[in-house]
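*Asks:* Next comes target_21.pdb, PDB, C-alpha atoms and all ligand atoms:
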ATOM      1  CA  MET A  18     -14.863 -41.318 106.250
ATOM      2  CA  LYS A  19     -14.891 -41.840 110.005
ATOM      3  CA  GLU A  20     -13.920 -38.998 112.248
ATOM      4  CA  THR A  21     -11.099 -39.436 114.706
ATOM      5  CA  TYR A  22      -9.322 -37.350 117.362
ATOM      6  CA  PRO A  23      -9.688 -34.439 117.828
ATOM      7  CA  PHE A  24     -13.439 -34.924 117.684
ATOM      8  CA  LYS A  25     -15.584 -31.945 116.816
ATOM      9  CA  ALA A  26     -19.138 -31.291 117.927
ATOM     10  CA  LYS A  27     -21.497 -31.668 114.989
ATOM     11  CA  PRO A  28     -23.901 -28.766 114.517
ATOM     12  CA  LEU A  29     -27.573 -29.606 114.855
ATOM     13  CA  PRO A  30     -29.075 -30.595 111.481
ATOM     14  CA  TYR A  31     -31.967 -28.153 112.154
ATOM     15  CA  THR A  32     -32.499 -24.810 113.826
ATOM     16  CA  TYR A  33     -32.800 -24.649 117.607
ATOM     17  CA  ASP A  34     -36.519 -23.893 117.443
ATOM     18  CA  SER A  35     -37.304 -26.792 115.091
ATOM     19  CA  LEU A  36     -38.529 -29.164 117.771
ATOM     20  CA  GLU A  37     -40.856 -26.656 119.444
ATOM     21  CA  PRO A  38     -43.201 -26.984 121.231
ATOM     22  CA  TYR A  39     -42.075 -30.424 122.395
ATOM     23  CA  ILE A  40     -38.418 -29.644 123.005
ATOM     24  CA  SER A  41     -37.742 -25.973 123.571
ATOM     25  CA  THR A  42     -35.067 -23.797 122.019
ATOM     26  CA  GLU A  43     -33.645 -23.300 125.509
ATOM     27  CA  THR A  44     -33.386 -27.037 126.174
ATOM     28  CA  LEU A  45     -31.676 -27.649 122.839
ATOM     29  CA  HIS A  46     -29.153 -24.886 123.462
ATOM     30  CA  PHE A  47     -28.211 -26.333 126.833
ATOM     31  CA  HIS A  48     -28.310 -29.891 125.626
ATOM     32  CA  HIS A  49     -26.320 -29.446 122.434
ATOM     33  CA  ASP A  50     -24.090 -26.484 123.208
ATOM     34  CA  LYS A  51     -23.237 -27.373 126.809
ATOM     35  CA  HIS A  52     -23.822 -31.046 127.598
ATOM     36  CA  TYR A  53     -22.884 -32.584 124.238
ATOM     37  CA  GLN A  54     -19.998 -30.160 123.743
ATOM     38  CA  THR A  55     -18.628 -31.135 127.152
ATOM     39  CA  TYR A  56     -18.548 -34.819 126.208
ATOM     40  CA  VAL A  57     -16.622 -33.933 123.046
ATOM     41  CA  ASP A  58     -14.148 -31.799 124.985
ATOM     42  CA  LYS A  59     -13.631 -34.393 127.713
ATOM     43  CA  LEU A  60     -13.133 -37.195 125.207
ATOM     44  CA  ASN A  61     -10.446 -35.153 123.454
ATOM     45  CA  ALA A  62      -8.817 -34.335 126.784
ATOM     46  CA  ALA A  63      -8.755 -38.027 127.762
ATOM     47  CA  LEU A  64      -7.081 -39.031 124.483
ATOM     48  CA  LYS A  65      -4.657 -36.121 124.383
ATOM     49  CA  ASP A  66      -1.631 -38.040 125.680
ATOM     50  CA  TYR A  67      -2.537 -41.358 124.052
ATOM     51  CA  PRO A  68      -1.620 -41.049 120.359
ATOM     52  CA  GLN A  69      -1.969 -44.795 119.857
ATOM     53  CA  PHE A  70      -5.752 -44.396 120.235
ATOM     54  CA  GLN A  71      -6.144 -41.148 118.309
ATOM     55  CA  ASN A  72      -6.700 -42.841 114.964
ATOM     56  CA  LEU A  73      -9.724 -44.772 116.199
ATOM     57  CA  SER A  74     -13.226 -43.707 115.217
ATOM     58  CA  LEU A  75     -15.845 -43.261 117.914
ATOM     59  CA  GLU A  76     -17.322 -46.669 117.057
ATOM     60  CA  ASN A  77     -13.946 -48.372 117.257
ATOM     61  CA  LEU A  78     -13.135 -46.742 120.580
ATOM     62  CA  LEU A  79     -16.438 -48.065 121.917
ATOM     63  CA  LYS A  80     -15.888 -51.538 120.447
ATOM     64  CA  ASN A  81     -12.438 -51.783 121.988
ATOM     65  CA  LEU A  82     -12.885 -50.321 125.463
ATOM     66  CA  ASN A  83     -11.082 -53.340 126.911
ATOM     67  CA  ASP A  84      -7.889 -52.176 125.216
ATOM     68  CA  ILE A  85      -8.062 -48.667 126.671
ATOM     69  CA  PRO A  86      -5.577 -48.061 129.520
ATOM     70  CA  GLU A  87      -7.082 -48.015 133.003
ATOM     71  CA  ALA A  88      -6.007 -44.407 133.533
ATOM     72  CA  ILE A  89      -8.444 -43.165 130.877
ATOM     73  CA  LYS A  90     -10.908 -46.066 130.565
ATOM     74  CA  THR A  91     -13.670 -44.462 132.611
ATOM     75  CA  ALA A  92     -13.263 -41.100 130.891
ATOM     76  CA  VAL A  93     -13.289 -42.683 127.429
ATOM     77  CA  THR A  94     -16.252 -44.933 128.267
ATOM     78  CA  ASN A  95     -18.349 -42.066 129.593
ATOM     79  CA  ASN A  96     -17.380 -39.431 127.059
ATOM     80  CA  ALA A  97     -17.130 -41.499 123.871
ATOM     81  CA  GLY A  98     -20.529 -42.856 124.887
ATOM     82  CA  GLY A  99     -21.786 -39.338 125.535
ATOM     83  CA  VAL A 100     -20.674 -38.173 122.101
ATOM     84  CA  TYR A 101     -21.988 -41.238 120.259
ATOM     85  CA  ASN A 102     -25.354 -41.250 122.028
ATOM     86  CA  HIS A 103     -26.018 -37.537 121.566
ATOM     87  CA  GLU A 104     -25.060 -37.527 117.896
ATOM     88  CA  LEU A 105     -27.562 -40.282 117.147
ATOM     89  CA  TYR A 106     -30.191 -38.687 119.377
ATOM     90  CA  PHE A 107     -29.979 -35.222 117.794
ATOM     91  CA  ALA A 108     -29.742 -36.572 114.250
ATOM     92  CA  GLY A 109     -32.741 -38.825 114.828
ATOM     93  CA  MET A 110     -35.162 -35.952 115.397
ATOM     94  CA  THR A 111     -36.845 -33.444 113.122
ATOM     95  CA  ALA A 112     -39.779 -31.003 113.114
ATOM     96  CA  PRO A 113     -42.891 -32.475 114.768
ATOM     97  CA  SER A 114     -45.343 -34.595 112.861
ATOM     98  CA  ASP A 115     -48.318 -36.674 113.955
ATOM     99  CA  SER A 116     -47.999 -39.087 111.054
ATOM    100  CA  VAL A 117     -45.630 -42.025 110.854
ATOM    101  CA  VAL A 118     -43.847 -42.504 107.557
ATOM    102  CA  SER A 119     -44.227 -45.926 105.985
ATOM    103  CA  ASN A 120     -40.813 -47.193 104.950
ATOM    104  CA  GLU A 121     -38.578 -50.230 105.347
ATOM    105  CA  LEU A 122     -37.741 -49.364 108.952
ATOM    106  CA  THR A 123     -41.283 -48.747 110.139
ATOM    107  CA  ASN A 124     -42.422 -51.908 108.325
ATOM    108  CA  GLU A 125     -39.690 -53.883 110.087
ATOM    109  CA  ILE A 126     -40.788 -52.393 113.421
ATOM    110  CA  ILE A 127     -44.337 -53.609 112.735
ATOM    111  CA  ASN A 128     -42.975 -57.069 111.783
ATOM    112  CA  ASN A 129     -41.026 -57.301 115.044
ATOM    113  CA  PHE A 130     -43.465 -55.692 117.472
ATOM    114  CA  THR A 131     -46.899 -56.562 115.954
ATOM    115  CA  SER A 132     -47.894 -52.941 115.409
ATOM    116  CA  TYR A 133     -46.475 -49.465 115.603
ATOM    117  CA  GLU A 134     -48.575 -48.793 118.712
ATOM    118  CA  ASP A 135     -47.229 -51.923 120.423
ATOM    119  CA  TRP A 136     -43.686 -50.854 119.651
ATOM    120  CA  LYS A 137     -44.391 -47.352 120.874
ATOM    121  CA  ASN A 138     -45.785 -48.624 124.179
ATOM    122  CA  GLU A 139     -42.816 -50.907 124.688
ATOM    123  CA  MET A 140     -40.352 -48.158 123.827
ATOM    124  CA  LYS A 141     -42.089 -45.684 126.125
ATOM    125  CA  ASN A 142     -42.145 -48.190 128.969
ATOM    126  CA  ALA A 143     -38.432 -48.818 128.476
ATOM    127  CA  ALA A 144     -37.763 -45.063 128.604
ATOM    128  CA  ILE A 145     -39.771 -44.713 131.796
ATOM    129  CA  SER A 146     -38.157 -47.784 133.376
ATOM    130  CA  VAL A 147     -34.613 -46.407 133.357
ATOM    131  CA  PHE A 148     -33.875 -45.524 136.968
ATOM    132  CA  GLY A 149     -31.932 -42.277 137.054
ATOM    133  CA  SER A 150     -30.081 -41.181 133.933
ATOM    134  CA  GLY A 151     -29.820 -43.244 130.779
ATOM    135  CA  TRP A 152     -31.241 -44.159 127.411
ATOM    136  CA  ALA A 153     -33.796 -46.398 125.708
ATOM    137  CA  TRP A 154     -32.757 -47.763 122.330
ATOM    138  CA  LEU A 155     -34.074 -49.569 119.298
ATOM    139  CA  VAL A 156     -31.244 -51.771 118.044
ATOM    140  CA  LYS A 157     -30.695 -54.471 115.484
ATOM    141  CA  ASN A 158     -29.199 -57.610 116.970
ATOM    142  CA  ASN A 159     -26.874 -60.197 115.455
ATOM    143  CA  ASP A 160     -29.871 -62.301 114.421
ATOM    144  CA  ASN A 161     -31.193 -59.386 112.344
ATOM    145  CA  GLY A 162     -34.070 -58.847 114.731
ATOM    146  CA  LEU A 163     -35.053 -55.489 116.169
ATOM    147  CA  GLN A 164     -35.150 -55.188 119.924
ATOM    148  CA  ILE A 165     -35.460 -52.544 122.611
ATOM    149  CA  VAL A 166     -32.704 -52.189 125.184
ATOM    150  CA  THR A 167     -31.866 -49.641 127.877
ATOM    151  CA  THR A 168     -28.546 -48.364 129.177
ATOM    152  CA  LYS A 169     -27.618 -46.313 132.176
ATOM    153  CA  ASP A 170     -25.491 -43.175 132.279
ATOM    154  CA  GLN A 171     -23.666 -42.848 128.927
ATOM    155  CA  PHE A 172     -23.231 -46.554 128.298
ATOM    156  CA  VAL A 173     -23.735 -47.775 124.744
ATOM    157  CA  PRO A 174     -25.135 -51.231 123.938
ATOM    158  CA  ASP A 175     -22.253 -53.567 122.992
ATOM    159  CA  LEU A 176     -21.545 -52.499 119.408
ATOM    160  CA  ASN A 177     -20.026 -55.903 118.702
ATOM    161  CA  ILE A 178     -23.525 -57.362 119.144
ATOM    162  CA  TYR A 179     -25.996 -54.559 118.521
ATOM    163  CA  THR A 180     -26.337 -51.889 115.867
ATOM    164  CA  PRO A 181     -28.197 -48.862 117.260
ATOM    165  CA  ILE A 182     -30.968 -47.395 115.112
ATOM    166  CA  LEU A 183     -32.622 -44.822 117.354
ATOM    167  CA  LEU A 184     -32.683 -43.769 120.971
ATOM    168  CA  ILE A 185     -34.286 -41.451 123.476
ATOM    169  CA  ASP A 186     -32.261 -39.546 126.046
ATOM    170  CA  VAL A 187     -33.907 -39.810 129.456
ATOM    171  CA  TRP A 188     -31.344 -37.803 131.417
ATOM    172  CA  GLU A 189     -33.213 -34.994 133.146
ATOM    173  CA  HIS A 190     -31.186 -32.424 131.179
ATOM    174  CA  ALA A 191     -33.060 -33.636 128.068
ATOM    175  CA  TYR A 192     -36.482 -32.657 129.374
ATOM    176  CA  TYR A 193     -36.455 -30.994 132.786
ATOM    177  CA  LEU A 194     -36.805 -27.386 131.585
ATOM    178  CA  ASP A 195     -39.833 -28.343 129.489
ATOM    179  CA  TYR A 196     -41.457 -31.121 131.506
ATOM    180  CA  GLN A 197     -39.900 -30.948 135.003
ATOM    181  CA  ASN A 198     -40.334 -34.437 136.453
ATOM    182  CA  LEU A 199     -42.830 -35.668 133.843
ATOM    183  CA  ARG A 200     -40.617 -38.022 131.840
ATOM    184  CA  PRO A 201     -43.639 -39.943 130.409
ATOM    185  CA  ASN A 202     -44.985 -36.759 128.782
ATOM    186  CA  TYR A 203     -41.597 -36.022 127.235
ATOM    187  CA  ALA A 204     -41.436 -39.603 125.938
ATOM    188  CA  ASP A 205     -44.942 -39.321 124.428
ATOM    189  CA  ASN A 206     -43.945 -36.188 122.549
ATOM    190  CA  TRP A 207     -40.544 -37.503 121.471
ATOM    191  CA  PHE A 208     -42.324 -39.997 119.192
ATOM    192  CA  LYS A 209     -43.655 -37.016 117.187
ATOM    193  CA  LEU A 210     -40.095 -35.853 116.567
ATOM    194  CA  ILE A 211     -38.622 -39.074 115.180
ATOM    195  CA  ASN A 212     -36.964 -38.487 111.825
ATOM    196  CA  TRP A 213     -38.116 -41.692 110.121
ATOM    197  CA  GLU A 214     -36.609 -40.807 106.763
ATOM    198  CA  TYR A 215     -33.125 -40.235 108.149
ATOM    199  CA  LEU A 216     -33.275 -43.300 110.389
ATOM    200  CA  ASN A 217     -34.467 -45.433 107.482
ATOM    201  CA  ASP A 218     -31.253 -44.550 105.675
ATOM    202  CA  ILE A 219     -29.267 -45.734 108.699
ATOM    203  CA  PHE A 220     -31.330 -48.907 108.856
ATOM    204  CA  LEU A 221     -30.822 -49.670 105.146
ATOM    205  CA  ASN A 222     -27.075 -49.165 105.453
ATOM    206  CA  ILE A 223     -26.500 -51.498 108.411
TER     207      ILE A 223
HETATM  208 MN   MN3 B 301     -28.233 -35.785 127.017
END
Output the file's structure as structure tokens, nothing else.
Ligand code: MN3
*Replies:*
Amino acid sequence: MKETYPFKAKPLPYTYDSLEPYISTETLHFHHDKHYQTYVDKLNAALKDYPQFQNLSLENLLKNLNDIPEAIKTAVTNNAGGVYNHELYFAGMTAPSDSVVSNELTNEIINNFTSYEDWKNEMKNAAISVFGSGWAWLVKNNDNGLQIVTTKDQFVPDLNIYTPILLIDVWEHAYYLDYQNLRPNYADNWFKLINWEYLNDIFLNI
């Protein structure tokens, strides 16, 4: 069942120290409890006086941004995106591991990008290339191929064309306490946190 207004922040699916040493307890508290929570609160505030949009799921809000009234379009775009992006980001991580699980998703990544290492380099380069705040994504396109895309701010790839599978948050709030300005080091370590089993379930259910 899809959630609708009023949206509620989802608790992390792990304890706050689970991603140590690569993402600190302190970063996760700020990121989840402050930043993500604020997107949830602002999305609810934007929709408060618009009951005709309160029965839409997050995905359907994002697929139908053109129908959202001008008065709340920017707020809904930014905050529905902020909620959607953070929920996938948090859910896509787990306790660190140096090994990569072999499953349907990782096999498909190898099919599309030649090797896991090639994919990793391309994904890292995409994460580094975002100027300012944004995201790097692995998505499935309408031709059933996997591709890497980037978005700025809290924009989401067009969900009418792309189905997101995983993403890395490259806003400074995601890494600054732990890495200061060293986004490449954060990106390198993020690969160790990818929850391949969970993401494989998403991939198989697309
Ligand atoms: Mn963030």
*Asks:* Give the answer as one residue: which of A:Phe24, A:Phe220, A:Trp154, A:Tyr53 has the shortest atom-to-atom distance to ligand MN3 301 (chain B), using all atoms listed in the file?
*Replies:*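 For ligand MN3 301 (chain B), the nearest of the given residues is A:Tyr53.
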*Asks:* Counting only C-alpha atoms, figure out which residue out of A:Val173, A:Val147, A:Ile178, A:Leu78 gets nearest to Arg200 in chain A.
*Replies:*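 Answer, going by the shortest atom-to-atom distance: A:Val147.
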*Asks:* So, with all atoms listed in the file as the atoms that count, which of A:Trp136, A:Trp188, A:Phe148, A:Phe47 lies closest to Ile165 in chain A?
*Replies:*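 Nearest to Ile165 in chain A: A:Trp136.
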*Asks:* Check every protein, DNA and RNA residue against ligand MN3 301 (chain B), keep those with an atom at most 10 Å away (counting all atoms listed in the file), and present them as a list in words.
*Replies:*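 After applying the 10 Å limit, what remains is Leu45, Phe47, His48, His49, Lys51, His52, Tyr53, Tyr56, Gly99, Val100, Asn102, His103, Glu104, Tyr106, Phe107, Ser150, Gly151, Trp152, Asp170, Gln171, Ile185, Asp186, Val187, Trp188, Glu189, His190, Ala191 and Tyr192 of chain A.
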*Asks:* Out of A:Ser119, A:Asn77, A:Ser114, A:Thr21, which residue has the shortest atom-to-atom distance to Glu214 in chain A when counting all atoms listed in the file?
*Replies:*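 Among A:Ser119, A:Asn77, A:Ser114, A:Thr21, it is A:Ser119 that comes nearest to Glu214 in chain A.
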*Asks:* In Å, with one decimal, what is the gap from CA of Thr180 in chain A to CA of Leu199 in chain A?
*Replies:* 29.3 Å
*Asks:* For Tyr193 in chain A, which residue among A:Asn83, A:Gln54, A:Thr44, A:Thr111 is the nearest when counting only C-alpha atoms?
*Replies:*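 With only C-alpha atoms as the atom set, the closest residue is A:Thr44.
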*Asks:* Point out the residue among A:Ala92, A:Leu176, A:Leu36, A:Ile85 with the least atom-to-atom distance to Ala62 in chain A, counting all atoms listed in the file.
*Replies:*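 Going through A:Ala92, A:Leu176, A:Leu36, A:Ile85 one by one, the smallest distance to Ala62 in chain A is for A:Ala92.
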*Asks:* Work out how far apart CA of Leu82 in chain A and CA of Ala108 in chain A are and give it in Å to one decimal.
*Replies:* 24.5 Å
*Asks:* Within 8 Å of range 126-133 of chain A, which residues of range 154-218 of chain A show up? Give each one with its shortest atom-to-atom distance in Å (one decimal) and the two atoms involved, counting only C-alpha atoms, rows by chain then rising residue number, as a tab-separated table.
*Replies:*
residue	atom	partner	partner_atom	distance
A:Gly162	CA	A:Asn129	CA	7.1
A:Leu163	CA	A:Asn129	CA	6.3
A:Gln164	CA	A:Asn129	CA	7.9
*Asks:* Applying 9 Å and all atoms listed in the file, which residues near Tyr33 in chain A remain after dropping the ones on its own chain fewer than 4 positions away? List them as number ranges by chain.
*Replies:* A: 29, 37, 41-46
*Asks:* Any chance you can output those residues with C-alpha atoms as a PDB file, in the coordinates of the input?
*Replies:*
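Contents of result-v5.pdb, as written:
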ATOM      1  CA  LEU A  29     -27.573 -29.606 114.855  1.00  0.00           C
ATOM      2  CA  GLU A  37     -40.856 -26.656 119.444  1.00  0.00           C
ATOM      3  CA  SER A  41     -37.742 -25.973 123.571  1.00  0.00           C
ATOM      4  CA  THR A  42     -35.067 -23.797 122.019  1.00  0.00           C
ATOM      5  CA  GLU A  43     -33.645 -23.300 125.509  1.00  0.00           C
ATOM      6  CA  THR A  44     -33.386 -27.037 126.174  1.00  0.00           C
ATOM      7  CA  LEU A  45     -31.676 -27.649 122.839  1.00  0.00           C
ATOM      8  CA  HIS A  46     -29.153 -24.886 123.462  1.00  0.00           C
TER       9      HIS A  46
END
*Asks:* Tell me which residues come within 12 Å of (-7.8, -50.9, 120.3), as a PyMOL selection string, counting only C-alpha atoms in the file's coordinates.
*Replies:* chain A and resi 67-86+90
*Asks:* Using only C-alpha atoms, which protein or nucleic acid residues come within 9 Å of Trp213 in chain A? Drop anything in the same chain fewer than 6 positions from it, and give the result as a list in words.
*Replies:*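 Listing them by chain and then by number gives Gly109, Met110, Thr111, Val117, Val118, Ser119, Asn120, Leu122 and Thr123 of chain A.
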*Asks:* Take CA of Pro181 in chain A and CA of Tyr101 in chain A and report the distance between them in Å, one decimal.
*Replies:*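 Those two atoms sit 10.3 Å apart.
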*Asks:* Save range 110-122 of chain A from what I just supplied, as an mmCIF file, in the first residue's frame, atoms limited to all heavy atoms.
*Replies:*
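In the end it all went to part13.cif:
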data_model
loop_
_atom_site.group_PDB
_atom_site.id
_atom_site.type_symbol
_atom_site.label_atom_id
_atom_site.label_comp_id
_atom_site.auth_asym_id
_atom_site.auth_seq_id
_atom_site.Cartn_x
_atom_site.Cartn_y
_atom_site.Cartn_z
ATOM 1 N N MET A 110 21.428 1.392 2.001
ATOM 2 C CA MET A 110 22.716 1.164 2.670
ATOM 3 C C MET A 110 22.565 0.150 3.803
ATOM 4 O O MET A 110 21.466 -0.107 4.295
ATOM 5 C CB MET A 110 23.259 2.487 3.222
ATOM 6 C CG MET A 110 23.598 3.493 2.127
ATOM 7 S SD MET A 110 24.452 4.983 2.738
ATOM 8 C CE MET A 110 23.127 5.830 3.595
ATOM 9 N N THR A 111 23.688 -0.414 4.180
ATOM 10 C CA THR A 111 23.718 -1.364 5.298
ATOM 11 C C THR A 111 25.147 -1.406 5.850
ATOM 12 O O THR A 111 26.026 -0.695 5.360
ATOM 13 C CB THR A 111 23.263 -2.766 4.825
ATOM 14 O OG1 THR A 111 23.087 -3.620 5.956
ATOM 15 C CG2 THR A 111 24.266 -3.388 3.875
ATOM 16 N N ALA A 112 25.379 -2.213 6.862
ATOM 17 C CA ALA A 112 26.702 -2.284 7.492
ATOM 18 C C ALA A 112 27.786 -2.568 6.442
ATOM 19 O O ALA A 112 27.548 -3.288 5.481
ATOM 20 C CB ALA A 112 26.702 -3.364 8.559
ATOM 21 N N PRO A 113 28.980 -1.979 6.628
ATOM 22 C CA PRO A 113 30.012 -2.063 5.600
ATOM 23 C C PRO A 113 30.452 -3.487 5.269
ATOM 24 O O PRO A 113 30.514 -4.352 6.146
ATOM 25 C CB PRO A 113 31.191 -1.291 6.198
ATOM 26 C CG PRO A 113 30.750 -0.687 7.446
ATOM 27 C CD PRO A 113 29.396 -1.189 7.794
ATOM 28 N N SER A 114 30.773 -3.657 3.997
ATOM 29 C CA SER A 114 31.323 -4.927 3.544
ATOM 30 C C SER A 114 32.232 -4.650 2.357
ATOM 31 O O SER A 114 31.950 -3.777 1.544
ATOM 32 C CB SER A 114 30.184 -5.858 3.116
ATOM 33 O OG SER A 114 30.707 -6.933 2.374
ATOM 34 N N ASP A 115 33.330 -5.401 2.266
ATOM 35 C CA ASP A 115 34.230 -5.219 1.129
ATOM 36 C C ASP A 115 33.861 -6.127 -0.030
ATOM 37 O O ASP A 115 34.416 -6.000 -1.115
ATOM 38 C CB ASP A 115 35.685 -5.469 1.539
ATOM 39 C CG ASP A 115 36.242 -4.269 2.309
ATOM 40 O OD1 ASP A 115 35.942 -3.131 1.913
ATOM 41 O OD2 ASP A 115 36.956 -4.492 3.301
ATOM 42 N N SER A 116 32.935 -7.052 0.201
ATOM 43 C CA SER A 116 32.585 -7.971 -0.886
ATOM 44 C C SER A 116 31.298 -7.519 -1.563
ATOM 45 O O SER A 116 30.456 -6.860 -0.959
ATOM 46 C CB SER A 116 32.431 -9.391 -0.351
ATOM 47 O OG SER A 116 31.418 -9.416 0.630
ATOM 48 N N VAL A 117 31.178 -7.839 -2.828
ATOM 49 C CA VAL A 117 29.987 -7.498 -3.591
ATOM 50 C C VAL A 117 29.183 -8.771 -3.806
ATOM 51 O O VAL A 117 29.706 -9.770 -4.290
ATOM 52 C CB VAL A 117 30.362 -6.869 -4.943
ATOM 53 C CG1 VAL A 117 29.116 -6.538 -5.747
ATOM 54 C CG2 VAL A 117 31.204 -5.624 -4.723
ATOM 55 N N VAL A 118 27.934 -8.730 -3.395
ATOM 56 C CA VAL A 118 27.069 -9.898 -3.534
ATOM 57 C C VAL A 118 26.824 -10.166 -5.017
ATOM 58 O O VAL A 118 26.672 -9.244 -5.810
ATOM 59 C CB VAL A 118 25.717 -9.606 -2.833
ATOM 60 C CG1 VAL A 118 24.742 -10.757 -3.016
ATOM 61 C CG2 VAL A 118 25.942 -9.289 -1.368
ATOM 62 N N SER A 119 26.803 -11.435 -5.390
ATOM 63 C CA SER A 119 26.443 -11.774 -6.761
ATOM 64 C C SER A 119 24.957 -12.102 -6.801
ATOM 65 O O SER A 119 24.502 -13.058 -6.184
ATOM 66 C CB SER A 119 27.274 -12.979 -7.216
ATOM 67 O OG SER A 119 26.883 -13.342 -8.517
ATOM 68 N N ASN A 120 24.199 -11.272 -7.485
ATOM 69 C CA ASN A 120 22.766 -11.536 -7.632
ATOM 70 C C ASN A 120 22.298 -10.973 -8.977
ATOM 71 O O ASN A 120 23.122 -10.510 -9.784
ATOM 72 C CB ASN A 120 21.976 -10.982 -6.434
ATOM 73 C CG ASN A 120 22.147 -9.483 -6.240
ATOM 74 O OD1 ASN A 120 22.419 -8.751 -7.188
ATOM 75 N ND2 ASN A 120 21.987 -9.022 -5.013
ATOM 76 N N GLU A 121 21.013 -11.017 -9.212
ATOM 77 C CA GLU A 121 20.502 -10.573 -10.515
ATOM 78 C C GLU A 121 20.907 -9.124 -10.806
ATOM 79 O O GLU A 121 21.256 -8.787 -11.937
ATOM 80 C CB GLU A 121 18.977 -10.704 -10.565
ATOM 81 C CG GLU A 121 18.468 -12.130 -10.618
ATOM 82 C CD GLU A 121 18.310 -12.758 -9.231
ATOM 83 O OE1 GLU A 121 18.832 -12.185 -8.228
ATOM 84 O OE2 GLU A 121 17.679 -13.822 -9.147
ATOM 85 N N LEU A 122 20.831 -8.273 -9.807
ATOM 86 C CA LEU A 122 21.162 -6.862 -10.028
ATOM 87 C C LEU A 122 22.641 -6.677 -10.357
ATOM 88 O O LEU A 122 22.984 -5.992 -11.329
ATOM 89 C CB LEU A 122 20.775 -6.024 -8.800
ATOM 90 C CG LEU A 122 21.208 -4.556 -8.825
ATOM 91 C CD1 LEU A 122 20.690 -3.827 -10.069
ATOM 92 C CD2 LEU A 122 20.743 -3.842 -7.551
#
